[in-house]
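Chemist: Here you go, one structure.
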Amino acid sequence: MANVRLLLAAVLLLVALRDARAADYPPCADGAMTQDFSAFVHSRILAVRAREAEVVKARTQQKNNTNQTQMPTVAGNSPSLVDESSASDLVGVALNLLGVSTRSTEDTSTAATVSAFALRAALDGADPLDPEYYNANAGWRRASFTLGVDFPQDGGNREAERGVIVGTKVLLYNERDIAGDVEFEGRVNELLAEVGGGVVRAVEGRMMNLLRPAMCQTATGEFVDSGKVDASQLREIDSIMATEARAAIDYQKNAAALAREVNERPQIAVEFLTNQRQGEATSTYKGALTADLGWSVDLGFVDSLALTFNGGYVYDDQAAPSADGQGGTVGAKLRFFRSPEMLRDRVPWTLSLATDGAWKSNETPQYRVQAAFSFALWEGVELPLTVAWANQTELVKEDQVIGNIGFTLDTAKLLAHMR
Amino acid sequence: MRRNARISFLRVTIRQSAGEYLRFRIDARGATPTFNFLSRHGLFFSASDFSGHPKTTYIRKFPLASDQLGAKTAIHSLTFGFLGATAYTLLAEVRDAANDLVRVIKDIDYQRDDQTDLFPELFEITVE
């Protein structure tokens, strides 16, 4: 009987100890500066990283820099001289707002590019960002279709000269799609394992002992009350993080370097575009090959370059068949950017320089040069500002130099931020 | 990185001897979800270990008989990467031998701002 009582007492003691351990953090006081434990540790990773970044600027690289959302070049007043090799994963919309203050918005040139993947997802009623669907239909992201309306820049009968833009683009060579890239995923997994291991080492032991007196709890979790962590404790915690969780501190630059490797791979696309104008106006057909390359550089204000090259055949269909023209076009665009910023879904800005030339049987050679600055209004929404020069006034009106304002929208980026 | 934690406990006790276990459910969006779960005693699972990966929903019991825990109580990290994924939702629950819910440990949404975002979600797990 005594043994049974002893056993019962031991069981009751164990239960009491377990309950005591479960309740050993006091309730969080009203107004306490609390973060749950994981959020607190994450905030210290960011704090240490930010502090170190002030001393040493991480060199990282771009997000995919070749998704075209601007008006295609076949549009008479496109802000882009050079088409890029791939389109948005879903839908890209471009508006040319030049002159919006002096004419109706109904005359605003507009083009939308839809990937075959987005069309298929819509037909299937599928979520395009569902990983299973995204990977199972990777091939559909190689093709995209463009439909738009193009108004000439100058006066005259704008309605009569309105053009309808129709086009398609197919990625022939695409090494930048990480879907199914086992090697890339393996390297990401290695980075994450190093991060997790480092954070666990950092938290266990001294950091946990430092933080336990500052912890409190509510019905939804256990929290660190930052108000109870003094400056010296915070310095010690950050020192532990900087040492033990080195992989977490360095993850941003290591992940960016990994992304840079992917985005420096070449990409080649073939495209066909036509700008169909009414009546006496010239309709244009263009077939082109587009190639993209990327490099790391050290220019101070930027650390990455992306080169896009276009070469193609152009046919101008005039009202009088004898006036038809044909020839070749060549274009190149160099984009400058800071790669850490390109890895954000909201890319703050990009700068590009572009040039193109056209040699047609019915015209003297045409040459254009353009500088463009694009900045983000919101995730996936960019405002490109361009200045262009041409050797012929009919290419760019108003004294051969023209400013241009556009507006582009990438729904893949937008959707990534909407759930 | 935006994180919305509806429930987030650090400490969890699993009475394995009574048939309890921790059930992870991770829902992902994007091209290639990347996450792993480990302690200083070993790596227990990665997204790429799951059959059908990459996929929308990953479910895993912990511990499995094959999991070498190494210690009765240990800090664990479920680390999420965003290079190939745009969002995750984590639901971690203690369930009993009859698969009934005992307690919700984590119920959290994660949404990336940068592809280089990461988040180590921490657990102090005691297995009895």
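Within each chain, counting starts at residue 1; across the structure tokens, chains are named A, B, ... in the order shown, with ligands numbered 1 upward in that order.
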Find the residues near segment 97-105 of chain B: any atom within 6 Å, counting only C-alpha atoms, skip ones fewer than 6 places away on the same chain, and give them as a list of chain:residue names.
Modeler: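 Surrounding residues, per the criterion: B:Ser8, B:Phe9, B:Gly19, B:Glu20.
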Chemist: Let me see the file: selected residues, N, CA and C atoms, as an mmCIF file, in the first residue's frame.
Modeler:
```
data_model
loop_
_atom_site.group_PDB
_atom_site.id
_atom_site.type_symbol
_atom_site.label_atom_id
_atom_site.label_comp_id
_atom_site.auth_asym_id
_atom_site.auth_seq_id
_atom_site.Cartn_x
_atom_site.Cartn_y
_atom_site.Cartn_z
ATOM 1 N N SER B 8 1.784 31.009 -32.319
ATOM 2 C CA SER B 8 3.202 30.677 -32.426
ATOM 3 C C SER B 8 3.779 30.377 -31.050
ATOM 4 N N PHE B 9 3.762 29.113 -30.676
ATOM 5 C CA PHE B 9 4.413 28.665 -29.452
ATOM 6 C C PHE B 9 5.804 28.177 -29.784
ATOM 7 N N GLY B 19 1.497 7.987 -27.743
ATOM 8 C CA GLY B 19 1.053 7.986 -29.141
ATOM 9 C C GLY B 19 0.942 9.371 -29.749
ATOM 10 N N GLU B 20 1.333 10.406 -28.994
ATOM 11 C CA GLU B 20 1.249 11.759 -29.564
ATOM 12 C C GLU B 20 2.349 11.983 -30.600
#
```
Chemist: Neighbouring residues of Val203 of chain A were defined as those with any atom within 10 Å, considering only C-alpha atoms; residues of the same chain fewer than 4 positions away were excluded. Please report them as a list in words.
Modeler: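 What passes the distance filter is Val41, Gly198, Val199, Met207, Met208, Asn209, Leu210, Leu211, Ile237, Ile240, Met241, Glu244 and Ala245 of chain A; Ile75, His76 and Leu122 of chain B.
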Chemist: Now that the selection is made, can you save its residues with N, CA and C atoms as a PDB file, in the first residue's frame?
Modeler:
```
ATOM      1  N   VAL A  41      14.223  36.252 -33.098  1.00  0.00           N
ATOM      2  CA  VAL A  41      15.504  35.742 -33.621  1.00  0.00           C
ATOM      3  C   VAL A  41      15.702  36.229 -35.057  1.00  0.00           C
ATOM      4  N   GLY A 198      22.930  26.701 -38.088  1.00  0.00           N
ATOM      5  CA  GLY A 198      23.561  27.824 -37.402  1.00  0.00           C
ATOM      6  C   GLY A 198      22.620  28.499 -36.423  1.00  0.00           C
ATOM      7  N   VAL A 199      21.377  28.686 -36.819  1.00  0.00           N
ATOM      8  CA  VAL A 199      20.408  29.344 -35.932  1.00  0.00           C
ATOM      9  C   VAL A 199      20.155  28.482 -34.698  1.00  0.00           C
ATOM     10  N   MET A 207      22.077  31.986 -25.525  1.00  0.00           N
ATOM     11  CA  MET A 207      21.022  32.917 -25.959  1.00  0.00           C
ATOM     12  C   MET A 207      19.698  32.589 -25.280  1.00  0.00           C
ATOM     13  N   MET A 208      19.398  31.301 -25.194  1.00  0.00           N
ATOM     14  CA  MET A 208      18.155  30.888 -24.543  1.00  0.00           C
ATOM     15  C   MET A 208      18.149  31.348 -23.088  1.00  0.00           C
ATOM     16  N   ASN A 209      19.303  31.201 -22.431  1.00  0.00           N
ATOM     17  CA  ASN A 209      19.395  31.629 -21.037  1.00  0.00           C
ATOM     18  C   ASN A 209      19.234  33.138 -20.894  1.00  0.00           C
ATOM     19  N   LEU A 210      19.749  33.879 -21.863  1.00  0.00           N
ATOM     20  CA  LEU A 210      19.593  35.335 -21.828  1.00  0.00           C
ATOM     21  C   LEU A 210      18.140  35.749 -22.015  1.00  0.00           C
ATOM     22  N   LEU A 211      17.431  35.007 -22.855  1.00  0.00           N
ATOM     23  CA  LEU A 211      16.087  35.430 -23.232  1.00  0.00           C
ATOM     24  C   LEU A 211      14.986  34.913 -22.304  1.00  0.00           C
ATOM     25  N   ILE A 237      23.578  38.896 -27.640  1.00  0.00           N
ATOM     26  CA  ILE A 237      22.764  38.060 -28.544  1.00  0.00           C
ATOM     27  C   ILE A 237      23.222  38.241 -29.987  1.00  0.00           C
ATOM     28  N   ILE A 240      26.436  36.465 -30.604  1.00  0.00           N
ATOM     29  CA  ILE A 240      26.223  35.019 -30.776  1.00  0.00           C
ATOM     30  C   ILE A 240      25.695  34.744 -32.186  1.00  0.00           C
ATOM     31  N   MET A 241      24.735  35.550 -32.629  1.00  0.00           N
ATOM     32  CA  MET A 241      24.165  35.355 -33.974  1.00  0.00           C
ATOM     33  C   MET A 241      25.249  35.514 -35.035  1.00  0.00           C
ATOM     34  N   GLU A 244      27.630  32.174 -34.510  1.00  0.00           N
ATOM     35  CA  GLU A 244      27.043  30.849 -34.715  1.00  0.00           C
ATOM     36  C   GLU A 244      26.115  30.783 -35.933  1.00  0.00           C
ATOM     37  N   ALA A 245      25.386  31.864 -36.164  1.00  0.00           N
ATOM     38  CA  ALA A 245      24.416  31.853 -37.263  1.00  0.00           C
ATOM     39  C   ALA A 245      24.970  32.591 -38.480  1.00  0.00           C
TER      40      ALA A 245
ATOM     41  N   ILE B  75      16.249  22.427 -29.520  1.00  0.00           N
ATOM     42  CA  ILE B  75      15.752  23.482 -30.407  1.00  0.00           C
ATOM     43  C   ILE B  75      15.753  22.936 -31.841  1.00  0.00           C
ATOM     44  N   HIS B  76      14.671  23.152 -32.538  1.00  0.00           N
ATOM     45  CA  HIS B  76      14.556  22.742 -33.934  1.00  0.00           C
ATOM     46  C   HIS B  76      14.233  23.980 -34.775  1.00  0.00           C
ATOM     47  N   LEU B 122      11.194  28.531 -35.227  1.00  0.00           N
ATOM     48  CA  LEU B 122      11.860  27.780 -34.168  1.00  0.00           C
ATOM     49  C   LEU B 122      10.884  27.035 -33.255  1.00  0.00           C
TER      50      LEU B 122
END
```
Chemist: Counting only C-alpha atoms, which residue out of A:Glu54, A:Glu222, A:Glu264, A:Asp356 sits closest to chain B?
Modeler: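 Of A:Glu54, A:Glu222, A:Glu264, A:Asp356, the one nearest chain B, counting only C-alpha atoms, is A:Glu222.
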Chemist: Please identify all residues of chain A having at least one atom at most 7 Å from any atom of chain B, considering only C-alpha atoms, and return them as a list of chain:residue names.
Modeler: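 Taken together, these residues fit the definition: A:Asp36, A:Phe37, A:Ser38, A:His42, A:Leu129, A:Asp130, A:Pro131, A:Glu132, A:Tyr134, A:Asn135, A:Ala179, A:Asn189, A:Leu192, A:Ala193, A:Gly196, A:Gly197, A:Val200, A:Arg201, A:Glu204, A:Thr220, A:Gly221, A:Glu222, A:Gln252, A:Ala255, A:Ala256, A:Leu343, A:Arg344, A:Asp345, A:Ala416.
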Chemist: Kindly indicate which residue among B:Ile108, B:Val94, B:Ile125, B:Ile59 lies nearest to Arg25 of chain B, using only C-alpha atoms for the distances.
Modeler: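 Using only C-alpha atoms, the shortest distance to Arg25 of chain B belongs to B:Ile59.
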Chemist: Which distance in Å separates atom CA of Thr386 of chain A and atom CA of Leu334 of chain A, to one decimal?
Modeler: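 Between these atoms lies a distance of 13.9 Å.
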Chemist: One number please: atom CA of Val48 of chain A to atom CA of Ser239 of chain A, in Å, one decimal.
Modeler: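 Atom-to-atom, atom CA of Val48 of chain A and atom CA of Ser239 of chain A are spaced 8.5 Å apart.
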Chemist: Which residue, A:Ile165, A:Val114, A:Ala358, A:Val195, has the smallest gap to Gln326 of chain A when you use only C-alpha atoms?
Modeler: A:Ala358
Chemist: In Å, rounded to a single decimal, give me how far atom CA of Leu293 of chain A is from atom CA of Ala306 of chain A.
Modeler: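 Atom CA of Leu293 of chain A lies at a distance of 5.7 Å from atom CA of Ala306 of chain A.
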Chemist: Taking the DSSP secondary structure from the backbone, can you list the residues of segment 112-306 of chain A that are strand (DSSP E), as a ChimeraX atom specification?
Modeler: /A:112-115,143-150,163-174,215-218,221-225,267-277,283-296,304-306
Chemist: So that I can see what lies close to Trp349 of chain A, please list as a PDB file with C-alpha atoms, in the first residue's frame the residues with an atom at most 7 Å from it, counting only C-alpha atoms and leaving out residues fewer than 2 positions away in the same chain.
Modeler:
```pdb
ATOM      1  CA  VAL A 347      12.681  46.591 -58.260  1.00  0.00           C
ATOM      2  CA  LEU A 351      18.803  52.134 -66.256  1.00  0.00           C
ATOM      3  CA  SER A 374      12.458  52.825 -65.092  1.00  0.00           C
ATOM      4  CA  PHE A 375      11.326  52.957 -61.507  1.00  0.00           C
ATOM      5  CA  ALA A 376       8.839  50.906 -59.535  1.00  0.00           C
TER       6      ALA A 376
END
```
Chemist: Within 6 Å of Tyr21 of chain B, counting only C-alpha atoms, which residues show up once you throw out same-chain ones fewer than 2 positions away? Write them as number ranges by chain, please.
Modeler: B: 14, 62, 94-95
Chemist: Suppose we keep N, CA and C atoms; can you now write the selection as a compact mmCIF listing (two decimals), in the first residue's frame?
Modeler:
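Listing of again19.txt after writing:
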```
# COMPACT_ATOMS: atom_id res chain seq x y z
N ILE B 14 5.78 16.54 -26.68
CA ILE B 14 5.12 15.45 -27.38
C ILE B 14 5.25 14.20 -26.51
N PHE B 62 6.03 14.03 -36.97
CA PHE B 62 7.33 14.06 -36.29
C PHE B 62 7.11 13.72 -34.82
N VAL B 94 -0.05 19.29 -32.33
CA VAL B 94 0.15 18.04 -31.60
C VAL B 94 -1.13 17.23 -31.73
N ARG B 95 -0.97 16.00 -32.17
CA ARG B 95 -2.13 15.12 -32.29
C ARG B 95 -1.92 13.87 -31.43
```
